[in-house]
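> Let me begin by handing over the structure; questions about it come next.
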Amino acid sequence: MNIFVCIKQVPDTEATLSVKDGKTINENNIKWIISPYDEYAIEEALKVKEKIPESKVTLITLGPKRCESVLRSGLAMGAENAIHIETEEYIDNKTIARAIAYAIKQEGNYNLIFIGKQAIDDDAFLTHIYIAEYLGIPVATNVTLFKYESEKVFVEREIDGGEKEKIEMTTPCVIGAAKGLNTPRYPSLMGMMKAKKIPIKKLSLQDLEIEEIDNKIIIEKLFAPAEKPQGKIIEGEIENAVKELVRVLKDEVKVL
Amino acid sequence: MANIGVYVELKEDKLKKSNKEAISLAKRSEKDVHVIIFTNNLDQHLDELKGIKNIIQIKDQDLTYQPDYYSDTIANIIKDYDLNDFIGICSAQCKDLFPRVAAKIDASLVNDCIEIDFKNNSITKPVFAGRLLAKYRVENEFKMYTIRPNIFPVQAFGSEGNPEIITKELNKKELKTKIIDIIKSDSKKIDLTEADAIVSGGRGMKEKENFKILEEIAQLLNAGVGASRAAVDAGFATSDMQVGQTGKVVNPKLYIACGISGAIQHFAGMKTSKVIVAINKDSEAPIFKKADYGIVGDLFKIVPLLKKELEKIYT
Ligand SMILES: Cc1cc2nc3c(=O)[nH]c(=O)nc-3n(C[C@H](O)[C@H](O)[C@H](O)COP(=O)(O)OP(=O)(O)OC[C@H]3O[C@@H](n4cnc5c(N)ncnc54)[C@H](O)[C@@H]3O)c2cc1C
């Protein structure tokens with residue numbers, strides 16, 4: 001099995017973000033991580049590899065030089081190859097997906113592609129579906145259970161109201177990983193040592209026949225939302241406090 | 001001529017609440033609104049769609065959601081009727097369906113919009129789990145958007161006279177991603193992303209059984225029941241109840257957080273709630289910094305009192 005995992009480097013979920021030049025985030029003092037949903041994607045790929053030993057797991061990321069760190073982390077978890085599509089420029093989700101789809105195709109044979117259902121920076125929920133559409137293969141998103149049986153993929157995906165869809169796909173296909181799919185492993189010390197020695201294949205957008213970046217979605221402004229004013233603690237005996245709370249909710253802010 | 005389309009999402013052949021928000025938004029564009037609806041029983045929805053002139057109904061003996069059928073059908077309709085702007089709800093279904101359509105017709109799609117300016121083709125959406133907002137300009141002949149529920153106001157659709165109904169068949173060309181079954185949840189749960197009120201519990205709830213008191217309050221308020229990740233991980237609540245960065249993004253009028261400390265990842269899912277109430281025994285808990293109203297104390301004493309007070313209003 002040839003398994004690809006697409007991963008993205010994002011700021012840590014706790015990071016305090018500030019805006020630079022009105023359009024990008026200030027990168028000083030940011031701790032970079034693998035987007036959490038992509039970690040589920042890596043883990044699931046490694047689980048398939050454990051079951052089907054002749055499998056090979058290749059990581060792909062797209063982004064500036066600093067993104068190499070997420071490839072090293074993924075290799076340390078147990079993947080064996082890594083591709084870095086290096087670009088310093090902002091490109092929109094469609095172009096990203098096109099580049100990744102092209103890179104996967106260039107590698108020859110592919111059976112399964114795992115990728116997080118969204119990245120926690122732009123929260124776009126687009127790239128995995130675009131990749132599948134560009135490759136002309138099936139895709140399931142928000143996947144919380146994955147099974148591979150005799151060339152077929154069975155997944156469950158969470159929909160609204162606590163319901164789940166059961167989906168059947170043939171390979172090759174794309175799986176958009178969600179929370180609940182698995183618990184990602186930590187890289188072992190041995191894994192980290194090994195990861196350091198694995199060469200990372202570097203590609204440019206030109207290598208993927210993207211000669212000119214034609215963004216259709218252009219960032220105009222990045223800004224912090226208005227902060228809520230400090231809330232009010234309702235003091236006093238709790239009996240009275242609860243009465244007062246209900247009064248305020250009903251008569252003042254009118255949400256009851 | 002440029003028109004605007006709205007995908008009406010049905011749940012068990014009923015209109016989801018947020019559809020009206022999407023249609024109201026479309027009306028604001030001052031373009032001709034076309035509503036696309038997959039149903040065999042259009043008559044039962046016409047009352048709710050009163051004032052809409054152009055309705056495109058898709059019929060088939062089996063209209064069970066299949067992403068390939070639905071996306072092929074919608075892609076054709078967008079092209080045939082010049083629906084240069086196309087709106088849906090940022091729901092589980094549209095997040096699956098819209099990107100497929102956008103790829104097929106090379107449209108530009110932005111999910112989870114909280115503001116759309118049709119004149120300048122600019123939209124605003126939360127990024128970094130709501131820590132920042134991004135304003136994008138979209139330069140494409142075909143633009144698609146999904147909107148966050150409970151943000152856009154509902155307005156009367158006005159009256160454009162009798163609807164013109166066009167009936168189409170479902171396009172069943174190709175089925176690659178095949179939905180073979182739906183696993184229902186055991187209880188009839190209120191969809192958190194559309195709920196007007198949510199009562200949520202965290203690790204402070206101590207055990208699963210204790211969520212009953214939250215459910216009782218929720219029932220009074222016609223609210224949904226949510227949970228923190230810690231509560232889900234401890235098995236007090238199911239994963240579909242999780243609110244936050246890796247759970248649901250909710251946007252109710254009232255959010256009551258019980259025994260939740262208020263971690264940044266939890267805020268990410270509920271900070272745009274209109275009114276946030278926190279009940280926590282620790283006066284230093286970060287939740288009090290973001291809550292509109294807080295009561296410091298033992299939730300096991302406060303929540304039953306709250307229920308008593310609410311019963312006075314609701315029964
Ligand atoms: C990548 C990532 C993603 C995450 N995604 C999410 C997410 O989607 N949603 C989410 O919620 N979290 C998420 N988290 C976890 C988050 O960081 C917190 O750990 C979690 O929200 C804590 O849940 P809690 O507030 O219920 O528990 P705690 O932080 O343990 O808080 C329990 C609170 O209950 C109070 N309490 C205890 N007993 C009582 C009582 N008798 N009466 C009143 N108050 C009481 C305590 O004072 C305390 O404040 C994520 C973390 C990471 C790293």
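Please note that chains go A, B, ... in the order of the structure tokens, that every chain numbers its residues from 1, and that ligands are numbered from 1 in the order shown.
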Using only C-alpha atoms, determine which residues lie at most 7 Å from Asn81 of chain A, disregarding the query and same-chain residues fewer than 6 positions distant; provide the list as JSON, numbers by chain.
{"A": [57, 58, 59]}
> List as CSV every residue of chain B that is in contact with chain A, defined as an atom at most 7 Å from one of its atoms (using only C-alpha atoms), together with the nearest atom pair and the distance in Å rounded to one decimal, sorted by chain and then rising number.

residue,atom,partner,partner_atom,distance
B:Ala92,CA,A:Ile159,CA,5.2
B:Lys95,CA,A:Phe125,CA,7.0
B:Asp96,CA,A:Thr141,CA,6.5
B:Pro99,CA,A:Leu126,CA,6.0
B:Arg100,CA,A:Ile129,CA,6.4
B:Ala103,CA,A:Tyr130,CA,6.0
B:Ser108,CA,A:Lys216,CA,6.7
B:Asn111,CA,A:Ala124,CA,6.1
B:Val127,CA,A:Asp122,CA,4.9
B:Phe128,CA,A:Asp121,CA,4.4
B:Ala129,CA,A:Ile120,CA,6.5
B:Arg131,CA,A:Ala224,CA,6.7
B:Leu132,CA,A:Ala224,CA,4.6
B:Leu133,CA,A:Phe223,CA,5.3
B:Ala134,CA,A:Leu222,CA,4.5
B:Lys135,CA,A:Lys221,CA,5.1
B:Tyr136,CA,A:Ile219,CA,4.5
B:Arg137,CA,A:Ile218,CA,5.1
B:Val138,CA,A:Ile217,CA,4.6
B:Glu139,CA,A:Lys216,CA,4.9
B:Asn140,CA,A:Lys216,CA,6.0
B:Lys176,CA,A:Pro138,CA,5.3
B:Thr177,CA,A:Pro138,CA,5.1
B:Lys178,CA,A:Glu168,CA,5.2
B:Ile179,CA,A:Ile167,CA,4.3
B:Ile180,CA,A:Ile167,CA,5.6
B:Asp181,CA,A:Lys166,CA,5.0
B:Ile182,CA,A:Glu165,CA,4.5
B:Ile183,CA,A:Lys164,CA,4.9
B:Lys184,CA,A:Glu163,CA,4.8
B:Ser185,CA,A:Glu163,CA,5.1
B:Lys189,CA,A:Gly161,CA,5.7
B:Ile190,CA,A:Gly161,CA,6.3
B:Asp191,CA,A:Gly161,CA,4.6
B:Asp240,CA,A:Gly162,CA,5.1
B:Thr246,CA,A:Lys179,CA,6.7
B:Lys253,CA,A:Val255,CA,6.3
B:Leu254,CA,A:Val255,CA,6.4
B:Ile264,CA,A:Glu14,CA,6.7
B:Phe288,CA,A:Gly231,CA,6.7
B:Lys289,CA,A:Gln230,CA,5.8
B:Lys290,CA,A:Gly231,CA,6.3
B:Ala291,CA,A:Gly231,CA,5.3
B:Asp292,CA,A:Gly231,CA,4.1
B:Tyr293,CA,A:Lys232,CA,4.9
B:Gly294,CA,A:Ile233,CA,4.5
B:Ile295,CA,A:Ile234,CA,5.5
B:Ile302,CA,A:Ile238,CA,6.8
B:Leu305,CA,A:Val242,CA,6.8
B:Leu306,CA,A:Val242,CA,6.0
B:Glu309,CA,A:Lys243,CA,6.7
> Would you name the residues within 9 Å of ligand 1, counting only C-alpha atoms and all ligand atoms, and put them as a PyMOL selection string?
(chain A and resi 12-14+35-37) or (chain B and resi 201-206+227-232+242-249+257-269+279-287+296-302)
> Could the residues in this selection be saved with C-alpha atoms as a compact mmCIF listing (two decimals), in the first residue's frame?

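Dumped everything to again.txt:
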# COMPACT_ATOMS: atom_id res chain seq x y z
CA ASP A 12 0.01 26.05 18.83
CA THR A 13 -3.61 26.22 20.06
CA GLU A 14 -2.56 28.24 23.12
CA SER A 35 -2.37 20.69 12.99
CA PRO A 36 -4.13 18.30 15.45
CA TYR A 37 -6.41 16.75 12.83
CA GLY B 201 -21.07 20.65 31.72
CA GLY B 202 -17.36 20.12 32.34
CA ARG B 203 -15.14 18.00 34.49
CA GLY B 204 -16.77 19.64 37.50
CA MET B 205 -19.90 17.56 36.81
CA LYS B 206 -17.96 14.67 38.41
CA ALA B 227 -19.80 19.45 27.25
CA SER B 228 -16.13 20.30 27.57
CA ARG B 229 -13.51 18.00 26.18
CA ALA B 230 -12.54 16.94 29.68
CA ALA B 231 -16.13 15.83 30.29
CA VAL B 232 -16.17 13.92 27.00
CA GLN B 242 -18.17 18.55 22.73
CA VAL B 243 -17.97 22.30 22.31
CA GLY B 244 -14.67 23.90 21.37
CA GLN B 245 -11.78 23.94 18.99
CA THR B 246 -11.93 20.20 18.31
CA GLY B 247 -15.66 19.99 18.90
CA LYS B 248 -18.57 22.08 17.75
CA VAL B 249 -18.58 25.80 17.20
CA ALA B 257 -21.25 26.67 31.51
CA CYS B 258 -21.32 24.50 34.63
CA GLY B 259 -18.07 23.22 36.11
CA ILE B 260 -16.05 24.32 33.09
CA SER B 261 -12.78 26.15 33.72
CA GLY B 262 -12.80 28.03 30.43
CA ALA B 263 -9.69 26.86 28.57
CA ILE B 264 -8.86 28.77 25.39
CA GLN B 265 -9.84 25.73 23.31
CA HIS B 266 -13.27 25.67 24.94
CA PHE B 267 -13.77 29.40 24.35
CA ALA B 268 -12.96 28.85 20.71
CA GLY B 269 -16.25 27.00 20.41
CA ILE B 279 -21.17 28.55 37.35
CA ASN B 280 -17.91 27.51 38.97
CA LYS B 281 -16.67 27.07 42.51
CA ASP B 282 -13.29 28.61 41.76
CA SER B 283 -13.54 32.40 41.62
CA GLU B 284 -10.20 32.47 39.74
CA ALA B 285 -11.42 30.21 36.92
CA PRO B 286 -10.71 31.86 33.53
CA ILE B 287 -14.32 31.31 32.47
CA VAL B 296 -19.19 31.45 42.30
CA GLY B 297 -20.14 28.34 44.20
CA ASP B 298 -20.92 24.64 44.14
CA LEU B 299 -22.79 23.77 40.97
CA PHE B 300 -24.56 20.90 42.73
CA LYS B 301 -26.27 23.51 44.90
CA ILE B 302 -26.67 26.23 42.27
> Find the residues around Glu141 of chain B up to 9 Å (only C-alpha atoms counted), leave out those fewer than 5 positions away in its own chain, and share them as a PDB file with C-alpha atoms, in the first residue's frame.

ATOM      1  CA  ASN B  84     -22.830  33.397  -9.542  1.00  0.00           C
ATOM      2  CA  ASP B  85     -23.293  33.556  -5.793  1.00  0.00           C
ATOM      3  CA  ALA B 107     -15.901  28.230  -7.991  1.00  0.00           C
ATOM      4  CA  SER B 108     -14.281  29.873  -4.981  1.00  0.00           C
TER       5      SER B 108
END
> Need to verify the contact set: Phe38 of chain B, 12 Å, only C-alpha atoms, exclusion of same-chain residues closer than 5 positions in sequence. Can you return it as a VMD selection string?
chain B and resid 6 to 15 45 55 to 66 69 to 71 73 to 74 166 to 171
> Show which residues sit within 9 Å of Glu88 of chain A, as a ChimeraX atom specification. Count only C-alpha atoms, and ignore same-chain residues fewer than 6 positions away.
/A:63-65
> Could you take the residues named above and write them with all heavy atoms, as a PDB file, in the first residue's frame?

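The file below, selection32.pdb, is the result:
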ATOM      1  N   GLY A  63       4.504  24.793   2.263  1.00  0.00           N
ATOM      2  CA  GLY A  63       4.673  25.999   3.062  1.00  0.00           C
ATOM      3  C   GLY A  63       6.124  26.425   3.103  1.00  0.00           C
ATOM      4  O   GLY A  63       6.967  25.822   2.432  1.00  0.00           O
ATOM      5  N   PRO A  64       6.419  27.473   3.877  1.00  0.00           N
ATOM      6  CA  PRO A  64       7.793  27.977   3.932  1.00  0.00           C
ATOM      7  C   PRO A  64       8.760  27.011   4.611  1.00  0.00           C
ATOM      8  O   PRO A  64       8.357  25.949   5.091  1.00  0.00           O
ATOM      9  CB  PRO A  64       7.659  29.268   4.733  1.00  0.00           C
ATOM     10  CG  PRO A  64       6.375  29.157   5.472  1.00  0.00           C
ATOM     11  CD  PRO A  64       5.495  28.275   4.662  1.00  0.00           C
ATOM     12  N   LYS A  65       9.996  27.412   4.656  1.00  0.00           N
ATOM     13  CA  LYS A  65      11.070  26.572   5.151  1.00  0.00           C
ATOM     14  C   LYS A  65      10.792  25.996   6.540  1.00  0.00           C
ATOM     15  O   LYS A  65      11.049  24.833   6.808  1.00  0.00           O
ATOM     16  CB  LYS A  65      12.366  27.404   5.161  1.00  0.00           C
ATOM     17  CG  LYS A  65      13.602  26.671   5.555  1.00  0.00           C
ATOM     18  CD  LYS A  65      14.790  27.006   4.650  1.00  0.00           C
ATOM     19  CE  LYS A  65      16.010  26.179   4.977  1.00  0.00           C
ATOM     20  NZ  LYS A  65      15.768  24.751   5.044  1.00  0.00           N
TER      21      LYS A  65
END
> Which residues in segment 91-126 of chain A does DSSP call alpha helix (DSSP H)? List them as a PyMOL selection string.
chain A and resi 93-106
> For Ile52 of chain B, please output as a PyMOL selection string all residues within 12 Å (counting only C-alpha atoms; exclusion window: fewer than 3 positions along the same chain).
chain B and resi 5-6+20+23-24+26-27+32-36+45-49+55-56+156-165
> Just N, CA, C and O atoms for this one: save the residues we selected as an mmCIF file, in the first residue's frame.

data_model
loop_
_atom_site.group_PDB
_atom_site.id
_atom_site.type_symbol
_atom_site.label_atom_id
_atom_site.label_comp_id
_atom_site.auth_asym_id
_atom_site.auth_seq_id
_atom_site.Cartn_x
_atom_site.Cartn_y
_atom_site.Cartn_z
ATOM 1 N N GLY B 5 -28.098 31.901 -5.633
ATOM 2 C CA GLY B 5 -28.770 30.662 -5.274
ATOM 3 C C GLY B 5 -28.602 30.347 -3.804
ATOM 4 O O GLY B 5 -27.616 30.730 -3.188
ATOM 5 N N VAL B 6 -29.605 29.654 -3.267
ATOM 6 C CA VAL B 6 -29.507 29.192 -1.878
ATOM 7 C C VAL B 6 -29.825 27.707 -1.860
ATOM 8 O O VAL B 6 -30.848 27.277 -2.404
ATOM 9 N N LYS B 20 -33.465 29.938 6.695
ATOM 10 C CA LYS B 20 -34.097 31.260 6.595
ATOM 11 C C LYS B 20 -33.053 32.356 6.704
ATOM 12 O O LYS B 20 -33.194 33.421 6.109
ATOM 13 N N ILE B 23 -31.483 32.484 3.254
ATOM 14 C CA ILE B 23 -32.353 33.114 2.252
ATOM 15 C C ILE B 23 -32.438 34.627 2.500
ATOM 16 O O ILE B 23 -32.363 35.423 1.568
ATOM 17 N N SER B 24 -32.560 35.014 3.779
ATOM 18 C CA SER B 24 -32.612 36.448 4.106
ATOM 19 C C SER B 24 -31.353 37.155 3.619
ATOM 20 O O SER B 24 -31.401 38.259 3.086
ATOM 21 N N ALA B 26 -29.420 36.203 1.161
ATOM 22 C CA ALA B 26 -29.443 36.240 -0.305
ATOM 23 C C ALA B 26 -30.291 37.413 -0.787
ATOM 24 O O ALA B 26 -29.936 38.112 -1.735
ATOM 25 N N LYS B 27 -31.405 37.642 -0.104
ATOM 26 C CA LYS B 27 -32.289 38.753 -0.464
ATOM 27 C C LYS B 27 -31.552 40.088 -0.398
ATOM 28 O O LYS B 27 -31.843 41.008 -1.161
ATOM 29 N N ASP B 32 -31.686 38.215 -8.142
ATOM 30 C CA ASP B 32 -32.794 37.264 -8.175
ATOM 31 C C ASP B 32 -32.431 36.009 -7.385
ATOM 32 O O ASP B 32 -31.460 35.330 -7.713
ATOM 33 N N VAL B 33 -33.242 35.730 -6.364
ATOM 34 C CA VAL B 33 -32.933 34.594 -5.501
ATOM 35 C C VAL B 33 -33.557 33.313 -6.065
ATOM 36 O O VAL B 33 -34.746 33.266 -6.354
ATOM 37 N N HIS B 34 -32.712 32.289 -6.211
ATOM 38 C CA HIS B 34 -33.186 30.967 -6.609
ATOM 39 C C HIS B 34 -32.944 30.004 -5.450
ATOM 40 O O HIS B 34 -31.824 29.900 -4.970
ATOM 41 N N VAL B 35 -34.012 29.338 -5.045
ATOM 42 C CA VAL B 35 -33.878 28.391 -3.946
ATOM 43 C C VAL B 35 -33.840 26.976 -4.528
ATOM 44 O O VAL B 35 -34.665 26.619 -5.353
ATOM 45 N N ILE B 36 -32.836 26.206 -4.101
ATOM 46 C CA ILE B 36 -32.686 24.828 -4.591
ATOM 47 C C ILE B 36 -33.089 23.892 -3.466
ATOM 48 O O ILE B 36 -32.523 23.955 -2.377
ATOM 49 N N HIS B 45 -43.552 22.571 1.983
ATOM 50 C CA HIS B 45 -42.564 23.597 2.338
ATOM 51 C C HIS B 45 -42.921 24.973 1.778
ATOM 52 O O HIS B 45 -42.275 25.957 2.112
ATOM 53 N N LEU B 46 -43.919 25.027 0.929
ATOM 54 C CA LEU B 46 -44.192 26.288 0.227
ATOM 55 C C LEU B 46 -44.573 27.429 1.167
ATOM 56 O O LEU B 46 -44.222 28.583 0.930
ATOM 57 N N ASP B 47 -45.246 27.062 2.257
ATOM 58 C CA ASP B 47 -45.606 28.078 3.232
ATOM 59 C C ASP B 47 -44.361 28.770 3.788
ATOM 60 O O ASP B 47 -44.295 29.986 3.875
ATOM 61 N N GLU B 48 -43.386 27.958 4.102
ATOM 62 C CA GLU B 48 -42.156 28.508 4.679
ATOM 63 C C GLU B 48 -41.332 29.263 3.647
ATOM 64 O O GLU B 48 -40.483 30.075 3.990
ATOM 65 N N LEU B 49 -41.550 28.964 2.397
ATOM 66 C CA LEU B 49 -40.774 29.616 1.338
ATOM 67 C C LEU B 49 -41.565 30.731 0.664
ATOM 68 O O LEU B 49 -41.206 31.209 -0.408
ATOM 69 N N ILE B 55 -38.059 28.740 -7.474
ATOM 70 C CA ILE B 55 -37.762 27.543 -6.696
ATOM 71 C C ILE B 55 -37.356 26.439 -7.670
ATOM 72 O O ILE B 55 -38.066 26.166 -8.644
ATOM 73 N N ILE B 56 -36.217 25.846 -7.439
ATOM 74 C CA ILE B 56 -35.794 24.716 -8.255
ATOM 75 C C ILE B 56 -35.890 23.472 -7.378
ATOM 76 O O ILE B 56 -35.192 23.350 -6.377
ATOM 77 N N ALA B 156 -38.329 39.024 6.761
ATOM 78 C CA ALA B 156 -39.458 38.539 5.962
ATOM 79 C C ALA B 156 -39.020 38.487 4.503
ATOM 80 O O ALA B 156 -38.274 39.343 4.037
ATOM 81 N N PHE B 157 -39.437 37.445 3.793
ATOM 82 C CA PHE B 157 -39.003 37.295 2.400
ATOM 83 C C PHE B 157 -39.738 38.243 1.456
ATOM 84 O O PHE B 157 -39.446 38.301 0.282
ATOM 85 N N GLY B 158 -40.724 38.963 1.971
ATOM 86 C CA GLY B 158 -41.476 39.867 1.123
ATOM 87 C C GLY B 158 -42.414 39.091 0.218
ATOM 88 O O GLY B 158 -42.567 37.876 0.383
ATOM 89 N N SER B 159 -43.008 39.760 -0.729
ATOM 90 C CA SER B 159 -43.878 38.979 -1.595
ATOM 91 C C SER B 159 -43.550 39.268 -3.053
ATOM 92 O O SER B 159 -43.520 40.401 -3.496
ATOM 93 N N GLU B 160 -43.239 38.246 -3.734
ATOM 94 C CA GLU B 160 -42.915 38.361 -5.161
ATOM 95 C C GLU B 160 -43.988 37.677 -5.984
ATOM 96 O O GLU B 160 -43.757 37.278 -7.109
ATOM 97 N N GLY B 161 -45.128 37.479 -5.376
ATOM 98 C CA GLY B 161 -46.201 36.786 -6.086
ATOM 99 C C GLY B 161 -46.006 35.285 -6.046
ATOM 100 O O GLY B 161 -45.224 34.773 -5.250
ATOM 101 N N ASN B 162 -46.695 34.593 -6.922
ATOM 102 C CA ASN B 162 -46.633 33.135 -6.906
ATOM 103 C C ASN B 162 -45.264 32.633 -7.341
ATOM 104 O O ASN B 162 -44.641 33.220 -8.217
ATOM 105 N N PRO B 163 -44.808 31.554 -6.711
ATOM 106 C CA PRO B 163 -43.491 31.034 -7.082
ATOM 107 C C PRO B 163 -43.506 30.396 -8.466
ATOM 108 O O PRO B 163 -44.517 29.848 -8.902
ATOM 109 N N GLU B 164 -42.377 30.523 -9.129
ATOM 110 C CA GLU B 164 -42.192 29.774 -10.365
ATOM 111 C C GLU B 164 -41.363 28.554 -10.014
ATOM 112 O O GLU B 164 -40.225 28.683 -9.568
ATOM 113 N N ILE B 165 -41.964 27.404 -10.221
ATOM 114 C CA ILE B 165 -41.279 26.192 -9.783
ATOM 115 C C ILE B 165 -40.721 25.433 -10.982
ATOM 116 O O ILE B 165 -41.446 25.138 -11.935
#
> For segment 48-53 of chain A, please output as a list in words all residues within 10 Å (counting only C-alpha atoms; exclusion window: fewer than 4 positions along the same chain).
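So the residues in contact are Met1, Asn2, Ile3, Glu43, Glu44, Val57, Gly78, Ala79, Leu112, Phe146, Lys147 and Tyr148 of chain A.
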> What is the atom CA of Ile116 of chain B to atom CA of Pro153 of chain B distance in Å?
12.6 Å
